[in-house]
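Worksheet: the structure to be examined is printed underneath.
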Amino acid sequence: MSTTHGQWPRRQWLGVIEEYRDLLDLPEGLQAVTLREGGTPLVHSEWLSGLTGAEVWLKVEANNPTGSFKDRGMTAAISVAKHEGDQAVVCASTGNTSASMAAYAAKAGLKPLVLIPEGKIAAGKMAQAVVHGAQIIMVRGNFDHCLDIARGLARDYPVALVNSVNPVRLQGQKTASFEICDFLGDAPDYHLLPVGNAGNIAAYWMGYQQYSGLGRSSRLPVMRGFQAEGAAPLVTGEPFPDPETKATAIRVGNPASWHLAEMAAKESEGRFAAVSDAQILAAQAELARRDGVFVEPASAAGVAGLLAELAAGESYAGRTVAITVTGHGLKDTATALESFTDIVDTVVDADVEAAAAAAGLA
Ligand SMILES: *Cc1c(COP(=O)(O)O)cnc(C)c1O
């Protein structure tokens, strides 16, 4: 039975709870509700490494079951909700949290209730929540209003809140830094990522600190968080009452994990900066064309940030840089295609010569 290709069956990745259970602050004996999230690829970017003279790695979180990093935290939050006997779960969402919650709730047999802000939820994300069976409530307000309502519902009614204000979410999400350290053999020098409600940067920092404390890494990265100009409260120091950006996943005016995020930046000697929608969309397009990685607009904010810093004279030469690209491009094809006036370049008859001529080969 043995082959030169090693053991068969190969070991399947177990999901973040089983892979890292010892390191997660979760209830004893917790049964994991999992779709085998995590274990996502760290893809070397020749493009960005060439530009910077650094080794730049993309942590491609699109490869999670519902297409964003939210699944790392959701496996933990839904497992705990089920463990505690909850029947229903609620979240406020700009799209990906609801997509993830709906999938994991379906797996767990819980009722998913989604609060979305009026307007601008990417179609792919809505499709996910609806198809997984979530009840969708649209709120005449923005994400921050939705989160207030979700908190109120969880306080007054028998539903569990699974937004990243639920600390269990961050326990799951911090596994991304474990994976990066496990793969690279140490922490990177810098970690760049998009920031919206700011749970993820807090979770990464928690994970890096934990690994370093355990002696599994020898250093801590500098954390740099990038927000959209129209939703950049961590940059200006003031909440944005009407956050606006095409990068809907980071359209958050008053981040729930504000304090934790500021601590992460401060303790790591990092910082926050804003990038424009134009910079975000350009980074999204270049990442797709140069590295073969198609991410949603918000997910490109870290790459946009790196490019903006390079343009401003910042140097990453000789260092190791990890950039989280947070979610899949297929979630929001409408925004991705906006800059293309023509999707079809040429129409030809069903004929090889005609196709060759149109392609410039003949
Ligand atoms: C949720 C999300 C973010 C922002 O993460 P926070 O933890 O809210 O800062 C960024 N990109 C994508 C694709 C997301 O789904």
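Here's how to read the names in the structure tokens: chain A, B, ... by the order shown, residue numbers from 1 in each chain, ligand numbers from 1 in the order shown.
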**Prompt:** Which residues come within 7 Å of A:Ile116, counting only C-alpha atoms, excluding same-chain residues fewer than 6 positions away, as JSON, numbers by chain?
**Reply:** {"A": [92, 93, 94, 137, 138, 139, 143, 146]}
Next, write the just-selected residues to a file, as a short mmCIF file (atom, residue, chain, number, x, y, z; two decimals), in the first residue's frame, keeping N, CA and C atoms as the atom set.
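File produced: result_33.cif:
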```cif
data_model
loop_
_atom_site.label_atom_id
_atom_site.label_comp_id
_atom_site.auth_asym_id
_atom_site.auth_seq_id
_atom_site.Cartn_x
_atom_site.Cartn_y
_atom_site.Cartn_z
N ALA A 92 -24.20 41.79 13.62
CA ALA A 92 -24.25 42.93 12.72
C ALA A 92 -23.18 42.66 11.69
N SER A 93 -23.44 43.03 10.44
CA SER A 93 -22.46 42.63 9.43
C SER A 93 -22.43 43.55 8.24
N THR A 94 -21.22 43.78 7.73
CA THR A 94 -21.07 44.43 6.43
C THR A 94 -21.05 43.34 5.35
N ILE A 137 -32.30 41.08 8.43
CA ILE A 137 -33.00 42.30 8.82
C ILE A 137 -32.13 43.48 8.40
N MET A 138 -32.69 44.33 7.55
CA MET A 138 -31.95 45.52 7.12
C MET A 138 -32.32 46.68 8.04
N VAL A 139 -31.30 47.38 8.50
CA VAL A 139 -31.51 48.47 9.46
C VAL A 139 -31.30 49.81 8.74
N PHE A 143 -23.31 50.39 9.87
CA PHE A 143 -22.86 49.19 10.60
C PHE A 143 -22.87 49.40 12.11
N CYS A 146 -26.18 48.90 13.54
CA CYS A 146 -26.51 47.46 13.54
C CYS A 146 -25.87 46.75 14.73
#
```
Each residue of chain A with at least one atom at most 8 Å from ligand 1 should appear once, together with its nearest atom pair and the corresponding distance in Å (one decimal); atoms considered: only C-alpha atoms and all ligand atoms; ordering: chain, then increasing residue number; output as a Markdown table.
```
| residue | atom | partner | partner_atom_place_in_ligand_line | distance |
| --- | --- | --- | --- | --- |
| A:Ser68 | CA | ligand 1 | 15 (O) | 5.7 |
| A:Phe69 | CA | ligand 1 | 15 (O) | 6.7 |
| A:Lys70 | CA | ligand 1 | 15 (O) | 6.2 |
| A:Thr94 | CA | ligand 1 | 1 (C) | 7.6 |
| A:Gly95 | CA | ligand 1 | 15 (O) | 7.1 |
| A:Asn96 | CA | ligand 1 | 15 (O) | 4.7 |
| A:Thr97 | CA | ligand 1 | 15 (O) | 6.6 |
| A:Ser164 | CA | ligand 1 | 7 (O) | 7.1 |
| A:Leu193 | CA | ligand 1 | 10 (C) | 8.0 |
| A:Pro194 | CA | ligand 1 | 10 (C) | 5.3 |
| A:Val195 | CA | ligand 1 | 9 (O) | 3.7 |
| A:Gly196 | CA | ligand 1 | 9 (O) | 3.6 |
| A:Asn197 | CA | ligand 1 | 8 (O) | 3.4 |
| A:Ala198 | CA | ligand 1 | 9 (O) | 3.3 |
| A:Gly199 | CA | ligand 1 | 7 (O) | 3.7 |
| A:Asn200 | CA | ligand 1 | 7 (O) | 3.7 |
| A:Ile201 | CA | ligand 1 | 9 (O) | 6.3 |
| A:Ala202 | CA | ligand 1 | 7 (O) | 7.8 |
| A:Ala249 | CA | ligand 1 | 14 (C) | 4.8 |
| A:Ile250 | CA | ligand 1 | 4 (C) | 5.1 |
| A:Val252 | CA | ligand 1 | 8 (O) | 7.8 |
| A:Pro255 | CA | ligand 1 | 8 (O) | 7.5 |
| A:Glu296 | CA | ligand 1 | 13 (C) | 6.4 |
| A:Pro297 | CA | ligand 1 | 13 (C) | 7.8 |
| A:Ala298 | CA | ligand 1 | 11 (N) | 5.0 |
| A:Ser299 | CA | ligand 1 | 11 (N) | 4.8 |
| A:Val325 | CA | ligand 1 | 11 (N) | 7.4 |
| A:Thr326 | CA | ligand 1 | 13 (C) | 4.4 |
| A:Gly327 | CA | ligand 1 | 13 (C) | 4.0 |
| A:His328 | CA | ligand 1 | 13 (C) | 7.1 |
```
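If only C-alpha atoms are the atoms counted, then among A:Asn163, A:Ser79, A:Thr175, A:Ser49 the closest residue to A:Leu115 is A:Asn163.
For stretch 34-48 of chain A, the set of protein, DNA and RNA residues having any atom at most 7 Å away, when counting only C-alpha atoms and skipping those fewer than 5 positions along the same chain, is Trp13, Leu14, Gly15, Val16, Val56, Trp57, Leu58, Lys59, Val60, Glu61, Asn63, Asn64, Pro65, Asp71, Arg72, Thr75, Glu179, Arg290 and Asp291 of chain A.
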Save out the residues we just selected, N, CA and C atoms, as a compact mmCIF listing (two decimals), in the first residue's frame.
```txt
# COMPACT_ATOMS: atom_id res chain seq x y z
N TRP A 13 -6.34 18.63 7.41
CA TRP A 13 -6.35 19.76 8.35
C TRP A 13 -7.65 19.72 9.14
N LEU A 14 -7.56 19.91 10.45
CA LEU A 14 -8.71 19.65 11.32
C LEU A 14 -9.57 20.87 11.62
N GLY A 15 -9.13 22.04 11.20
CA GLY A 15 -9.82 23.26 11.61
C GLY A 15 -9.07 23.88 12.78
N VAL A 16 -9.29 25.18 13.01
CA VAL A 16 -8.39 25.90 13.93
C VAL A 16 -8.53 25.46 15.39
N VAL A 56 7.97 39.30 0.78
CA VAL A 56 6.58 39.64 1.09
C VAL A 56 5.69 38.42 0.89
N TRP A 57 4.95 38.09 1.93
CA TRP A 57 4.07 36.92 1.92
C TRP A 57 2.62 37.37 2.10
N LEU A 58 1.76 36.79 1.30
CA LEU A 58 0.33 37.09 1.41
C LEU A 58 -0.36 35.96 2.16
N LYS A 59 -1.04 36.29 3.25
CA LYS A 59 -1.83 35.28 3.96
C LYS A 59 -3.22 35.32 3.32
N VAL A 60 -3.49 34.32 2.52
CA VAL A 60 -4.68 34.37 1.66
C VAL A 60 -5.89 33.78 2.38
N GLU A 61 -6.65 34.65 3.01
CA GLU A 61 -7.77 34.21 3.83
C GLU A 61 -9.04 33.90 3.03
N ASN A 63 -9.17 31.54 1.22
CA ASN A 63 -9.23 30.08 1.18
C ASN A 63 -9.93 29.45 2.38
N ASN A 64 -10.57 30.27 3.18
CA ASN A 64 -11.43 29.73 4.24
C ASN A 64 -12.77 29.30 3.65
N PRO A 65 -13.52 28.47 4.41
CA PRO A 65 -14.74 27.88 3.84
C PRO A 65 -15.74 28.88 3.27
N ASP A 71 -14.24 33.05 9.30
CA ASP A 71 -14.49 31.66 9.68
C ASP A 71 -13.64 31.20 10.86
N ARG A 72 -12.45 31.77 11.01
CA ARG A 72 -11.58 31.38 12.14
C ARG A 72 -12.23 31.70 13.48
N THR A 75 -15.93 29.62 13.92
CA THR A 75 -15.93 28.24 14.43
C THR A 75 -15.92 28.27 15.96
N GLU A 179 -0.27 30.23 12.45
CA GLU A 179 0.04 29.58 11.17
C GLU A 179 1.20 30.28 10.46
N ARG A 290 -0.94 40.57 -11.20
CA ARG A 290 0.48 40.25 -11.04
C ARG A 290 0.72 38.99 -10.22
N ASP A 291 -0.12 38.79 -9.19
CA ASP A 291 0.12 37.64 -8.31
C ASP A 291 -0.92 36.53 -8.45
```
**Message:** Neighbouring residues of stretch 210-224 of chain A were defined as those with any atom within 8 Å, considering only C-alpha atoms; residues of the same chain fewer than 6 positions away were excluded. Please report them as a list in words.
**Reply:**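 Within the cut-off, the hits are Phe178, Cys181, Gly185, Asp186, Ala187, Pro188, Asp189, Tyr190, His191, Leu192, Leu193, Ile201, Ala264, Ala265, Ser268, Glu269, Gly270, Arg271, Phe272 and Ala273 of chain A.
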Keeping only N, CA and C atoms, write those residues as a compact mmCIF listing (two decimals), in the first residue's frame.
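Generated output (result_37.txt):
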```txt
# COMPACT_ATOMS: atom_id res chain seq x y z
N PHE A 178 -0.44 32.17 14.45
CA PHE A 178 0.25 30.90 14.72
C PHE A 178 0.68 30.25 13.40
N CYS A 181 3.68 32.02 11.80
CA CYS A 181 4.94 31.68 12.50
C CYS A 181 5.34 30.23 12.22
N GLY A 185 8.68 29.85 10.31
CA GLY A 185 9.68 29.44 11.30
C GLY A 185 9.92 30.52 12.33
N ASP A 186 9.31 31.67 12.15
CA ASP A 186 9.40 32.77 13.11
C ASP A 186 8.33 33.80 12.73
N ALA A 187 8.15 34.79 13.57
CA ALA A 187 7.23 35.87 13.21
C ALA A 187 7.87 36.72 12.12
N PRO A 188 7.07 37.36 11.28
CA PRO A 188 7.64 38.30 10.30
C PRO A 188 8.12 39.57 11.00
N ASP A 189 8.88 40.40 10.29
CA ASP A 189 9.29 41.69 10.86
C ASP A 189 8.12 42.67 10.89
N TYR A 190 7.30 42.60 9.85
CA TYR A 190 6.14 43.49 9.74
C TYR A 190 4.91 42.68 9.41
N HIS A 191 3.79 43.12 9.95
CA HIS A 191 2.51 42.54 9.53
C HIS A 191 1.56 43.68 9.17
N LEU A 192 1.09 43.64 7.93
CA LEU A 192 0.19 44.68 7.43
C LEU A 192 -1.18 44.07 7.17
N LEU A 193 -2.23 44.81 7.50
CA LEU A 193 -3.58 44.28 7.24
C LEU A 193 -4.63 45.39 7.23
N ILE A 201 -6.87 42.84 13.84
CA ILE A 201 -5.52 43.29 14.22
C ILE A 201 -5.27 42.97 15.69
N ALA A 264 -2.36 47.29 20.16
CA ALA A 264 -1.55 46.48 19.24
C ALA A 264 -0.57 47.38 18.48
N ALA A 265 -1.06 48.51 18.00
CA ALA A 265 -0.19 49.41 17.25
C ALA A 265 0.89 49.97 18.17
N SER A 268 3.48 47.27 19.49
CA SER A 268 4.33 46.72 18.42
C SER A 268 5.14 47.81 17.73
N GLU A 269 5.00 49.05 18.19
CA GLU A 269 5.63 50.20 17.53
C GLU A 269 5.14 50.35 16.09
N GLY A 270 3.89 50.00 15.91
CA GLY A 270 3.26 50.11 14.60
C GLY A 270 2.42 51.36 14.51
N ARG A 271 1.49 51.37 13.57
CA ARG A 271 0.64 52.55 13.38
C ARG A 271 -0.52 52.23 12.45
N PHE A 272 -1.42 53.21 12.36
CA PHE A 272 -2.52 53.14 11.41
C PHE A 272 -2.32 54.20 10.35
N ALA A 273 -2.78 53.92 9.15
CA ALA A 273 -2.75 54.91 8.08
C ALA A 273 -3.97 54.68 7.20
```
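Between A:Leu23 and the residues A:Val131, A:Met206, A:Ala355, A:Ala81, the shortest atom-to-atom distance, using only C-alpha atoms, involves A:Met206.
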**Item:** Distance in Å - atom CA of A:Arg169 versus atom CA of A:Gly152
**Value:** 18.6 Å
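Among the candidate residues A:Thr346, A:Thr66, A:Ile78, A:Ala176, the one lying nearest to A:Ala129 is A:Thr66, with distances computed using only C-alpha atoms.
For the atom pair formed by atom CA of A:Ala77 and atom CA of A:Gln135, the distance is 18.4 Å, given to one decimal.
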**Asked** If you count only C-alpha atoms, which residues fall within 7 Å of A:Ala108, apart from same-chain ones fewer than 3 positions away, as a PyMOL selection string?
**Response** chain A and resi 33+82+104-105
Just the selected residues (C-alpha atoms), exported as a PDB file, in the first residue's frame, please.
```pdb
ATOM      1  CA  VAL A  33     -18.370  23.057  15.028  1.00  0.00           C
ATOM      2  CA  LYS A  82     -23.932  25.520  20.901  1.00  0.00           C
ATOM      3  CA  TYR A 104     -21.535  27.739  10.850  1.00  0.00           C
ATOM      4  CA  ALA A 105     -25.028  28.154  12.334  1.00  0.00           C
TER       5      ALA A 105
END
```
**Message:** From a backbone DSSP assignment, name each residue in stretch 24-268 of chain A labelled alpha helix (DSSP H), as a PyMOL selection string.
**Reply:** chain A and resi 46-52+70-83+96-108+123-131+143-156+167-173+175-184+199-213+233-236+258-267
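Taking only C-alpha atoms, the non-local environment of A:Leu113 within 10 Å (same-chain residues fewer than 4 positions away omitted) comprises A:Ala88, A:Val89, A:Val90, A:Cys91, A:Ala92, A:Ser98, A:Met101, A:Ala102, A:Ala105, A:Ala129, A:Gly133, A:Ala134, A:Gln135, A:Ile136, A:Ile137, A:Ala150, A:Val159, A:Ala160, A:Leu161.
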**Message:** Set the distance at 9 Å and use only C-alpha atoms: which residues neighbour A:Lys331 once local chain neighbours fewer than 2 positions away are removed? I'd like the list as a PyMOL selection string.
**Reply:** chain A and resi 67+96+122-126+295-296+327-329+333-334
**Request:** Compare A:Val275, A:Met263, A:Ile180, A:Met74 by their minimum atom-to-atom distance to A:Phe226, counting only C-alpha atoms, and give me the closest one.
**Result:** A:Val275
**Message:** So the first atom is atom CA of A:Ala99 and the second is atom CA of A:Val114; what is the distance between them in Å, to one decimal place?
**Reply:**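 Separation between atom CA of A:Ala99 and atom CA of A:Val114: 9.1 Å.
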**Request:** Run DSSP on the backbone and give me the residues of stretch 92-242 of chain A it puts in strand (DSSP E or B), as a PyMOL selection string.
**Result:** chain A and resi 92+111-117+135-139+160-161+190-194+222-228+231
Could the residues in this selection be saved with C-alpha atoms as a PDB file, in the first residue's frame?
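Saved as selection13.pdb:
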```
ATOM      1  CA  ALA A  92     -24.249  42.925  12.718  1.00  0.00           C
ATOM      2  CA  LYS A 111     -30.954  29.897  13.883  1.00  0.00           C
ATOM      3  CA  PRO A 112     -28.933  32.728  12.271  1.00  0.00           C
ATOM      4  CA  LEU A 113     -30.210  36.298  12.505  1.00  0.00           C
ATOM      5  CA  VAL A 114     -28.377  38.964  10.493  1.00  0.00           C
ATOM      6  CA  LEU A 115     -28.515  42.760  10.863  1.00  0.00           C
ATOM      7  CA  ILE A 116     -27.194  44.604   7.840  1.00  0.00           C
ATOM      8  CA  PRO A 117     -26.902  48.331   7.198  1.00  0.00           C
ATOM      9  CA  GLN A 135     -33.016  35.670   8.464  1.00  0.00           C
ATOM     10  CA  ILE A 136     -31.941  39.074   7.153  1.00  0.00           C
ATOM     11  CA  ILE A 137     -32.998  42.302   8.817  1.00  0.00           C
ATOM     12  CA  MET A 138     -31.948  45.525   7.125  1.00  0.00           C
ATOM     13  CA  VAL A 139     -31.512  48.474   9.455  1.00  0.00           C
ATOM     14  CA  ALA A 160     -25.901  34.790  21.305  1.00  0.00           C
ATOM     15  CA  LEU A 161     -23.907  37.693  19.840  1.00  0.00           C
ATOM     16  CA  TYR A 190       6.138  43.492   9.743  1.00  0.00           C
ATOM     17  CA  HIS A 191       2.508  42.542   9.534  1.00  0.00           C
ATOM     18  CA  LEU A 192       0.188  44.684   7.426  1.00  0.00           C
ATOM     19  CA  LEU A 193      -3.579  44.284   7.241  1.00  0.00           C
ATOM     20  CA  PRO A 194      -6.886  46.043   6.585  1.00  0.00           C
ATOM     21  CA  VAL A 222       5.504  45.682  13.805  1.00  0.00           C
ATOM     22  CA  MET A 223       1.744  45.876  13.193  1.00  0.00           C
ATOM     23  CA  ARG A 224       0.511  48.310  10.550  1.00  0.00           C
ATOM     24  CA  GLY A 225      -3.215  48.682  10.046  1.00  0.00           C
ATOM     25  CA  PHE A 226      -4.783  50.325   6.998  1.00  0.00           C
ATOM     26  CA  GLN A 227      -8.213  51.916   6.882  1.00  0.00           C
ATOM     27  CA  ALA A 228     -10.154  53.489   4.031  1.00  0.00           C
ATOM     28  CA  ALA A 231     -13.726  55.298   7.399  1.00  0.00           C
TER      29      ALA A 231
END
```
